[in-house]
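Content type mmCIF, C-alpha atoms, from the file model.cif:
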```
data_start
loop_
_atom_site.group_PDB
_atom_site.id
_atom_site.type_symbol
_atom_site.label_atom_id
_atom_site.label_comp_id
_atom_site.auth_asym_id
_atom_site.auth_seq_id
_atom_site.Cartn_x
_atom_site.Cartn_y
_atom_site.Cartn_z
ATOM 1 C CA MET A 1 90.509 29.862 -39.582
ATOM 2 C CA GLU A 2 91.513 30.646 -35.999
ATOM 3 C CA TYR A 3 92.308 27.625 -33.822
ATOM 4 C CA CYS A 4 89.610 27.190 -31.174
ATOM 5 C CA GLY A 5 91.115 24.787 -28.659
ATOM 6 C CA GLY A 6 88.314 25.185 -26.147
ATOM 7 C CA GLY A 7 86.005 22.992 -28.236
ATOM 8 C CA SER A 8 82.400 23.449 -29.274
ATOM 9 C CA LEU A 9 79.728 24.618 -26.885
ATOM 10 C CA ALA A 10 77.947 21.282 -27.388
ATOM 11 C CA ASP A 11 81.098 19.429 -26.289
ATOM 12 C CA ILE A 12 81.510 21.689 -23.272
ATOM 13 C CA ILE A 13 77.913 21.081 -22.177
ATOM 14 C CA SER A 14 78.293 17.302 -22.478
ATOM 15 C CA SER A 15 81.514 17.414 -20.434
ATOM 16 C CA THR A 16 79.824 18.925 -17.376
ATOM 17 C CA ARG A 17 78.639 16.668 -14.578
ATOM 18 C CA ASN A 18 74.955 17.559 -14.997
ATOM 19 C CA GLN A 19 75.094 18.421 -18.717
ATOM 20 C CA SER A 20 74.069 21.922 -17.699
ATOM 21 C CA LEU A 21 75.939 25.209 -17.475
ATOM 22 C CA PRO A 22 75.457 27.585 -14.530
ATOM 23 C CA GLU A 23 73.390 30.677 -15.248
ATOM 24 C CA ARG A 24 76.373 33.049 -15.028
ATOM 25 C CA SER A 25 78.131 30.996 -17.722
ATOM 26 C CA ILE A 26 75.028 31.081 -19.913
ATOM 27 C CA GLN A 27 74.988 34.866 -19.465
ATOM 28 C CA TYR A 28 78.540 35.174 -20.757
ATOM 29 C CA ILE A 29 78.043 32.865 -23.746
ATOM 30 C CA SER A 30 74.754 34.576 -24.591
ATOM 31 C CA ARG A 31 76.289 38.041 -24.621
ATOM 32 C CA GLU A 32 79.140 36.970 -26.878
ATOM 33 C CA VAL A 33 76.883 35.061 -29.296
ATOM 34 C CA LEU A 34 74.509 38.025 -29.491
ATOM 35 C CA LYS A 35 77.400 40.338 -30.322
ATOM 36 C CA GLY A 36 78.338 37.949 -33.115
ATOM 37 C CA LEU A 37 74.778 37.770 -34.409
ATOM 38 C CA ASP A 38 74.457 41.553 -34.333
ATOM 39 C CA TYR A 39 77.596 41.808 -36.472
ATOM 40 C CA ILE A 40 76.455 39.089 -38.884
ATOM 41 C CA HIS A 41 72.982 40.583 -39.297
ATOM 42 C CA ASN A 42 74.352 44.109 -39.767
ATOM 43 C CA ASN A 43 76.384 42.664 -42.630
ATOM 44 C CA LEU A 44 73.219 41.264 -44.214
ATOM 45 C CA VAL A 45 73.808 37.586 -43.517
ATOM 46 C CA ILE A 46 71.440 35.026 -41.964
ATOM 47 C CA HIS A 47 73.370 32.148 -40.400
ATOM 48 C CA THR A 48 70.327 29.756 -40.358
ATOM 49 C CA ASP A 49 72.041 27.065 -38.246
ATOM 50 C CA ILE A 50 72.813 28.497 -34.807
ATOM 51 C CA LYS A 51 73.260 25.688 -32.257
ATOM 52 C CA GLY A 52 75.731 24.478 -29.667
ATOM 53 C CA ALA A 53 77.783 22.551 -32.219
ATOM 54 C CA ASN A 54 78.322 25.726 -34.272
ATOM 55 C CA ILE A 55 79.546 27.855 -31.376
ATOM 56 C CA VAL A 56 83.168 27.274 -30.389
ATOM 57 C CA LEU A 57 85.524 28.672 -27.792
ATOM 58 C CA THR A 58 89.230 29.399 -27.867
ATOM 59 C CA GLU A 59 91.419 28.252 -24.987
ATOM 60 C CA GLN A 60 90.952 31.757 -23.557
ATOM 61 C CA ALA A 61 87.145 31.274 -23.707
ATOM 62 C CA GLU A 62 86.617 33.699 -26.572
ATOM 63 C CA VAL A 63 83.347 32.787 -28.278
ATOM 64 C CA LYS A 64 83.117 32.277 -32.049
ATOM 65 C CA ILE A 65 80.242 31.399 -34.383
ATOM 66 C CA ILE A 66 81.286 28.919 -37.086
ATOM 67 C CA ASP A 67 79.926 26.950 -40.078
ATOM 68 C CA PHE A 68 78.434 29.430 -42.511
ATOM 69 C CA GLY A 69 77.792 26.686 -45.054
ATOM 70 C CA LEU A 70 74.018 27.215 -44.893
ATOM 71 C CA ALA A 71 74.177 31.000 -44.477
ATOM 72 C CA LYS A 72 72.033 33.229 -46.670
ATOM 73 C CA GLU A 73 73.071 36.639 -47.957
ATOM 74 C CA ILE A 74 70.330 39.247 -48.133
ATOM 75 C CA ARG A 75 70.150 42.590 -49.931
ATOM 76 C CA TYR A 76 68.494 44.680 -47.216
ATOM 77 C CA PRO A 77 67.482 44.385 -43.530
ATOM 78 C CA GLY A 78 64.193 42.572 -43.094
ATOM 79 C CA GLN A 79 64.414 40.749 -46.418
ATOM 80 C CA ARG A 80 62.615 37.403 -46.345
ATOM 81 C CA VAL A 81 64.335 34.280 -47.639
ATOM 82 C CA SER A 82 62.432 31.268 -48.948
ATOM 83 C CA GLU A 83 65.220 28.660 -49.126
ATOM 84 C CA TYR A 84 64.685 26.100 -46.354
ATOM 85 C CA SER A 85 67.735 25.227 -44.235
ATOM 86 C CA GLY A 86 68.876 24.524 -40.686
ATOM 87 C CA THR A 87 68.797 21.789 -38.039
ATOM 88 C CA PRO A 88 65.192 20.708 -37.278
ATOM 89 C CA TRP A 89 65.239 20.922 -33.458
ATOM 90 C CA TYR A 90 66.616 24.479 -33.574
ATOM 91 C CA MET A 91 64.458 25.788 -36.423
ATOM 92 C CA ALA A 92 62.201 28.784 -35.972
ATOM 93 C CA PRO A 93 58.485 28.246 -36.740
ATOM 94 C CA GLU A 94 58.658 30.550 -39.766
ATOM 95 C CA VAL A 95 61.499 28.477 -41.264
ATOM 96 C CA ILE A 96 59.442 25.304 -40.906
ATOM 97 C CA ILE A 97 56.344 26.803 -42.543
ATOM 98 C CA THR A 98 58.526 28.113 -45.385
ATOM 99 C CA LEU A 99 59.168 24.489 -46.393
ATOM 100 C CA TYR A 100 55.477 24.211 -47.284
ATOM 101 C CA LEU A 101 54.701 27.848 -48.101
ATOM 102 C CA PRO A 102 57.833 29.410 -49.623
ATOM 103 C CA GLU A 103 56.073 32.745 -50.016
ATOM 104 C CA ILE A 104 56.070 33.149 -46.198
ATOM 105 C CA GLY A 105 59.854 33.238 -45.911
ATOM 106 C CA TYR A 106 62.008 34.119 -42.919
ATOM 107 C CA THR A 107 64.406 36.883 -41.846
ATOM 108 C CA VAL A 108 67.475 37.262 -39.626
ATOM 109 C CA LYS A 109 65.083 36.784 -36.693
ATOM 110 C CA CYS A 110 65.225 33.017 -37.281
ATOM 111 C CA ASP A 111 68.745 33.114 -35.812
ATOM 112 C CA ILE A 112 67.341 34.654 -32.626
ATOM 113 C CA TRP A 113 64.924 31.736 -32.184
ATOM 114 C CA SER A 114 67.725 29.210 -32.750
ATOM 115 C CA PHE A 115 69.832 31.132 -30.242
ATOM 116 C CA GLY A 116 66.983 30.842 -27.712
ATOM 117 C CA ILE A 117 66.882 27.086 -28.258
ATOM 118 C CA THR A 118 70.650 27.035 -27.716
ATOM 119 C CA ILE A 119 70.104 28.698 -24.333
ATOM 120 C CA ILE A 120 67.854 25.768 -23.399
ATOM 121 C CA GLU A 121 70.560 23.422 -24.677
ATOM 122 C CA MET A 122 73.053 25.131 -22.343
ATOM 123 C CA ALA A 123 70.637 24.872 -19.415
ATOM 124 C CA GLN A 124 69.273 21.361 -19.964
ATOM 125 C CA GLY A 125 71.803 19.509 -22.114
ATOM 126 C CA ASP A 126 69.650 19.160 -25.238
ATOM 127 C CA PRO A 127 67.263 21.255 -27.316
ATOM 128 C CA PRO A 128 63.542 20.666 -26.727
ATOM 129 C CA ASN A 129 61.996 17.797 -28.726
ATOM 130 C CA ARG A 130 65.398 16.137 -29.138
ATOM 131 C CA ASP A 131 63.869 12.761 -28.265
ATOM 132 C CA MET A 132 61.522 13.053 -31.257
ATOM 133 C CA PRO A 133 62.196 12.275 -34.928
ATOM 134 C CA ALA A 134 62.941 15.407 -36.947
ATOM 135 C CA GLU A 135 59.575 15.565 -38.714
ATOM 136 C CA ARG A 136 57.587 15.223 -35.504
ATOM 137 C CA ALA A 137 59.801 17.807 -33.799
ATOM 138 C CA LYS A 138 59.098 20.308 -36.579
ATOM 139 C CA ILE A 139 55.349 19.816 -36.172
ATOM 140 C CA ASN A 140 55.711 20.346 -32.437
ATOM 141 C CA ILE A 141 57.686 23.555 -32.937
ATOM 142 C CA PHE A 142 55.172 24.961 -35.399
ATOM 143 C CA ARG A 143 51.985 23.975 -33.547
ATOM 144 C CA GLY A 144 53.085 24.021 -29.909
ATOM 145 C CA ASP A 145 53.763 26.772 -27.411
ATOM 146 C CA PRO A 146 57.308 28.137 -27.198
ATOM 147 C CA PRO A 147 59.442 25.969 -24.893
ATOM 148 C CA GLU A 148 60.473 27.132 -21.426
ATOM 149 C CA LEU A 149 63.123 26.164 -18.899
ATOM 150 C CA LYS A 150 61.905 23.222 -16.820
ATOM 151 C CA SER A 151 63.694 23.779 -13.516
ATOM 152 C CA LYS A 152 62.550 26.459 -11.083
ATOM 153 C CA ARG A 153 66.154 27.280 -10.190
ATOM 154 C CA TRP A 154 66.548 29.703 -13.093
ATOM 155 C CA SER A 155 66.143 33.439 -12.500
ATOM 156 C CA THR A 156 63.341 35.676 -13.698
ATOM 157 C CA ASP A 157 65.861 37.488 -15.911
ATOM 158 C CA ILE A 158 66.839 34.434 -17.952
ATOM 159 C CA ARG A 159 63.218 33.325 -18.235
ATOM 160 C CA ASP A 160 62.117 36.729 -19.502
ATOM 161 C CA PHE A 161 65.060 36.891 -21.906
ATOM 162 C CA LEU A 162 64.305 33.426 -23.269
ATOM 163 C CA LYS A 163 60.641 34.317 -23.730
ATOM 164 C CA LEU A 164 61.674 37.222 -25.965
ATOM 165 C CA CYS A 165 64.018 35.047 -28.032
ATOM 166 C CA LEU A 166 61.286 32.432 -28.486
ATOM 167 C CA THR A 167 58.499 34.785 -29.513
ATOM 168 C CA LYS A 168 56.650 32.760 -32.168
ATOM 169 C CA ALA A 169 55.671 35.709 -34.360
ATOM 170 C CA ASP A 170 58.954 36.743 -35.931
ATOM 171 C CA GLN A 171 57.704 40.298 -36.528
ATOM 172 C CA GLU A 172 57.435 40.688 -32.739
ATOM 173 C CA ARG A 173 60.685 38.891 -31.889
ATOM 174 C CA PRO A 174 63.457 41.335 -30.899
ATOM 175 C CA GLY A 175 66.680 41.505 -32.845
ATOM 176 C CA ALA A 176 70.185 41.054 -31.462
ATOM 177 C CA LYS A 177 70.771 44.773 -30.881
ATOM 178 C CA VAL A 178 67.663 45.066 -28.693
ATOM 179 C CA LEU A 179 68.426 41.863 -26.781
ATOM 180 C CA LEU A 180 71.932 43.111 -25.969
ATOM 181 C CA ARG A 181 70.259 45.762 -23.793
ATOM 182 C CA HIS A 182 68.285 43.235 -21.747
ATOM 183 C CA GLN A 183 69.125 43.002 -18.047
ATOM 184 C CA PHE A 184 70.088 39.336 -18.377
ATOM 185 C CA ILE A 185 72.886 40.409 -20.731
ATOM 186 C CA THR A 186 73.953 43.701 -19.139
ATOM 187 C CA ASN A 187 74.026 42.492 -15.527
ATOM 188 C CA GLN A 188 77.465 40.838 -15.709
ATOM 189 C CA PRO A 189 81.148 41.864 -15.632
ATOM 190 C CA ASN A 190 83.054 43.156 -18.641
ATOM 191 C CA GLU A 191 84.225 40.657 -21.257
ATOM 192 C CA ASN A 192 87.648 39.905 -19.760
ATOM 193 C CA GLU A 193 86.337 39.450 -16.219
ATOM 194 C CA ALA A 194 83.390 37.376 -17.427
ATOM 195 C CA ARG A 195 85.719 35.212 -19.515
ATOM 196 C CA LEU A 196 87.952 34.440 -16.526
ATOM 197 C CA ALA A 197 84.894 33.697 -14.395
ATOM 198 C CA PHE A 198 83.593 31.375 -17.123
ATOM 199 C CA ILE A 199 86.863 29.410 -17.224
ATOM 200 C CA GLN A 200 86.852 29.052 -13.439
ATOM 201 C CA CYS A 201 83.198 28.037 -13.407
ATOM 202 C CA LEU A 202 83.740 25.512 -16.197
ATOM 203 C CA ASN A 203 86.544 23.881 -14.237
ATOM 204 C CA GLU A 204 84.203 23.565 -11.256
ATOM 205 C CA VAL A 205 81.248 22.034 -13.113
ATOM 206 C CA SER A 206 83.437 19.659 -15.133
ATOM 207 C CA GLY A 207 85.305 18.464 -12.049
ATOM 208 C CA GLN A 208 88.676 19.752 -13.237
ATOM 209 C CA GLU A 209 91.237 21.288 -10.908
#
```
What do you get writing this file as structure tokens?
Amino acid sequence: MEYCGGGSLADIISSTRNQSLPERSIQYISREVLKGLDYIHNNLVIHTDIKGANIVLTEQAEVKIIDFGLAKEIRYPGQRVSEYSGTPWYMAPEVIITLYLPEIGYTVKCDIWSFGITIIEMAQGDPPNRDMPAERAKINIFRGDPPELKSKRWSTDIRDFLKLCLTKADQERPGAKVLLRHQFITNQPNENEARLAFIQCLNEVSGQE
């Protein structure tokens, strides 16, 4: 495994002064994670446990998805899986209902929901419902409206992008390839420039020189 000296995304978030990343940093991380998810899904794998702790960065701020211990291999795109797995606060509604109704199942789109929750984690320090016990959080996810960003400081682009990621009906939720074309993702510098900007921005928000 490649050494990732930059630490996990969860660690990076907790190291910032406000436990929140700036929007331009969230843009960069989001683009790189989506590229990873697009690759994983094209290779017929569902990660099932996307979250800040399972996204790591190298010292050059290259973004990597790790921990495929709960991953599910599928035979064809769109195949539904009935084996329940993941971290409760990041679980998609269809994963939660599969615990009780295995015939419902879930697809690669569950990773997109978890990715959307990770965006909220980057913006607010924790996933929604994190103050609740796991079982209550799962009920909230299944029965409640999709979560939104609380602060008004976030742009229309990130709000619209997040709304797509957190579409409750998985059949209507876009996949990684479609989301990579969204303005929130495309309206940023190329990878190398964005990576350098991310490192500089991280130094600023963490109080490092």
List the residues matched by the PyMOL selection byres ((chain A and resi 77) around 10) in the displayed structure as a ChimeraX atom specification, ordered by chain and then by residue number.
/A:41-45,74-76,78-80,107-108
What residues have an atom no more than 9 Å from (75.0, 30.3, -48.2) in the file's own frame, counting only C-alpha atoms, and can you write them as a PyMOL selection string?
chain A and resi 45-47+68-73
Write the residues of the selection above to a file with C-alpha atoms, as a short mmCIF file (atom, residue, chain, number, x, y, z; two decimals), keeping the file's coordinate frame.
```cif
data_model
loop_
_atom_site.label_atom_id
_atom_site.label_comp_id
_atom_site.auth_asym_id
_atom_site.auth_seq_id
_atom_site.Cartn_x
_atom_site.Cartn_y
_atom_site.Cartn_z
CA VAL A 45 73.81 37.59 -43.52
CA ILE A 46 71.44 35.03 -41.96
CA HIS A 47 73.37 32.15 -40.40
CA PHE A 68 78.43 29.43 -42.51
CA GLY A 69 77.79 26.69 -45.05
CA LEU A 70 74.02 27.22 -44.89
CA ALA A 71 74.18 31.00 -44.48
CA LYS A 72 72.03 33.23 -46.67
CA GLU A 73 73.07 36.64 -47.96
#
```
Would you mind telling me which residue in A:Arg24, A:Arg153, A:Lys64, A:Lys35 lies nearest to Leu9 of chain A when using all atoms listed in the file?
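Under the stated criterion, the closest residue is A:Lys64.
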Considering only C-alpha atoms, can you say which of A:Ile141, A:Leu21, A:Val63, A:Val56 comes closest to Thr167 of chain A?
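The closest residue to Thr167 of chain A is A:Ile141.
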What would the list of residues within 12 Å of (67.4, 32.1, -35.7) (file frame) look like as a ChimeraX atom specification, if all atoms listed in the file are what count?
/A:33-34,37-38,40-41,45-51,71-72,85-96,106-118,165-168,170,173-176
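Counting only C-alpha atoms and comparing A:Asn140, A:Ser151, A:Ser82, A:Gln27, the residue that lies closest to Pro189 of chain A is A:Gln27.
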Distance in Å - atom CA of Leu179 of chain A versus atom CA of Thr156 of chain A
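Going from atom CA of Leu179 of chain A over to atom CA of Thr156 of chain A, I get 15.3 Å.
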Taking into account all atoms listed in the file, which residue in the set A:Ile66, A:Ile185, A:Leu202, A:Ala134 is nearest to Gln19 of chain A?
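Counting all atoms listed in the file, the residue closest to Gln19 of chain A is A:Leu202.
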For the file shown, what are the residues hit by the PyMOL selection byres ((chain A and resi 196) around 12), laid out as a PDB file with C-alpha atoms, keeping the file's coordinate frame?
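Produced file out.pdb, reproduced below:
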```pdb
ATOM      1  CA  ARG A  24      76.373  33.049 -15.028  1.00  0.00           C
ATOM      2  CA  SER A  25      78.131  30.996 -17.722  1.00  0.00           C
ATOM      3  CA  TYR A  28      78.540  35.174 -20.757  1.00  0.00           C
ATOM      4  CA  GLU A  59      91.419  28.252 -24.987  1.00  0.00           C
ATOM      5  CA  GLN A  60      90.952  31.757 -23.557  1.00  0.00           C
ATOM      6  CA  ALA A  61      87.145  31.274 -23.707  1.00  0.00           C
ATOM      7  CA  GLU A  62      86.617  33.699 -26.572  1.00  0.00           C
ATOM      8  CA  PRO A 189      81.148  41.864 -15.632  1.00  0.00           C
ATOM      9  CA  ASN A 190      83.054  43.156 -18.641  1.00  0.00           C
ATOM     10  CA  GLU A 191      84.225  40.657 -21.257  1.00  0.00           C
ATOM     11  CA  ASN A 192      87.648  39.905 -19.760  1.00  0.00           C
ATOM     12  CA  GLU A 193      86.337  39.450 -16.219  1.00  0.00           C
ATOM     13  CA  ALA A 194      83.390  37.376 -17.427  1.00  0.00           C
ATOM     14  CA  ARG A 195      85.719  35.212 -19.515  1.00  0.00           C
ATOM     15  CA  ALA A 197      84.894  33.697 -14.395  1.00  0.00           C
ATOM     16  CA  PHE A 198      83.593  31.375 -17.123  1.00  0.00           C
ATOM     17  CA  ILE A 199      86.863  29.410 -17.224  1.00  0.00           C
ATOM     18  CA  GLN A 200      86.852  29.052 -13.439  1.00  0.00           C
ATOM     19  CA  CYS A 201      83.198  28.037 -13.407  1.00  0.00           C
ATOM     20  CA  LEU A 202      83.740  25.512 -16.197  1.00  0.00           C
ATOM     21  CA  ASN A 203      86.544  23.881 -14.237  1.00  0.00           C
TER      22      ASN A 203
END
```
Show which residues sit within 8 Å of Glu83 of chain A, as a short mmCIF file (atom, residue, chain, number, x, y, z; two decimals) with C-alpha atoms, keeping the file's coordinate frame. Count all atoms listed in the file, and ignore same-chain residues fewer than 4 positions away.
```cif
data_model
loop_
_atom_site.label_atom_id
_atom_site.label_comp_id
_atom_site.auth_asym_id
_atom_site.auth_seq_id
_atom_site.Cartn_x
_atom_site.Cartn_y
_atom_site.Cartn_z
CA THR A 98 58.53 28.11 -45.38
CA LEU A 99 59.17 24.49 -46.39
CA PRO A 102 57.83 29.41 -49.62
CA GLY A 105 59.85 33.24 -45.91
#
```
Quick one: residues within 10 Å of Ile158 of chain A, all atoms listed in the file, excluding same-chain residues fewer than 6 positions away - as a ChimeraX atom specification?
/A:23,26-27,119,149,164,182-185
Please report, as JSON, the centre and edge lengths in Å to one decimal of an axis-aligned box covering all listed atoms of segment 68-87 of chain A with 8 Å per side.
```
{"center_x": 70.4, "center_y": 33.2, "center_z": -44.0, "size_x": 32.0, "size_y": 38.9, "size_z": 27.9}
```
Please report the interatomic distance between atom CA of Arg136 of chain A and atom CA of Ile120 of chain A in Å with one decimal.
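Separating atom CA of Arg136 of chain A from atom CA of Ile120 of chain A is a distance of 19.1 Å.
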Any idea what the distance is between atom CA of Lys177 of chain A and atom CA of Phe142 of chain A?
25.6 Å
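The shortest atom-to-atom distance to Gly6 of chain A, with only C-alpha atoms taken into account, belongs to A:Thr58 out of A:Gly36, A:Thr58, A:Ala53, A:Met122.
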Shortest interatomic distance to Glu148 of chain A - which of A:Pro22, A:Gly52, A:Pro128, A:Gly7, counting all atoms listed in the file
A:Pro128
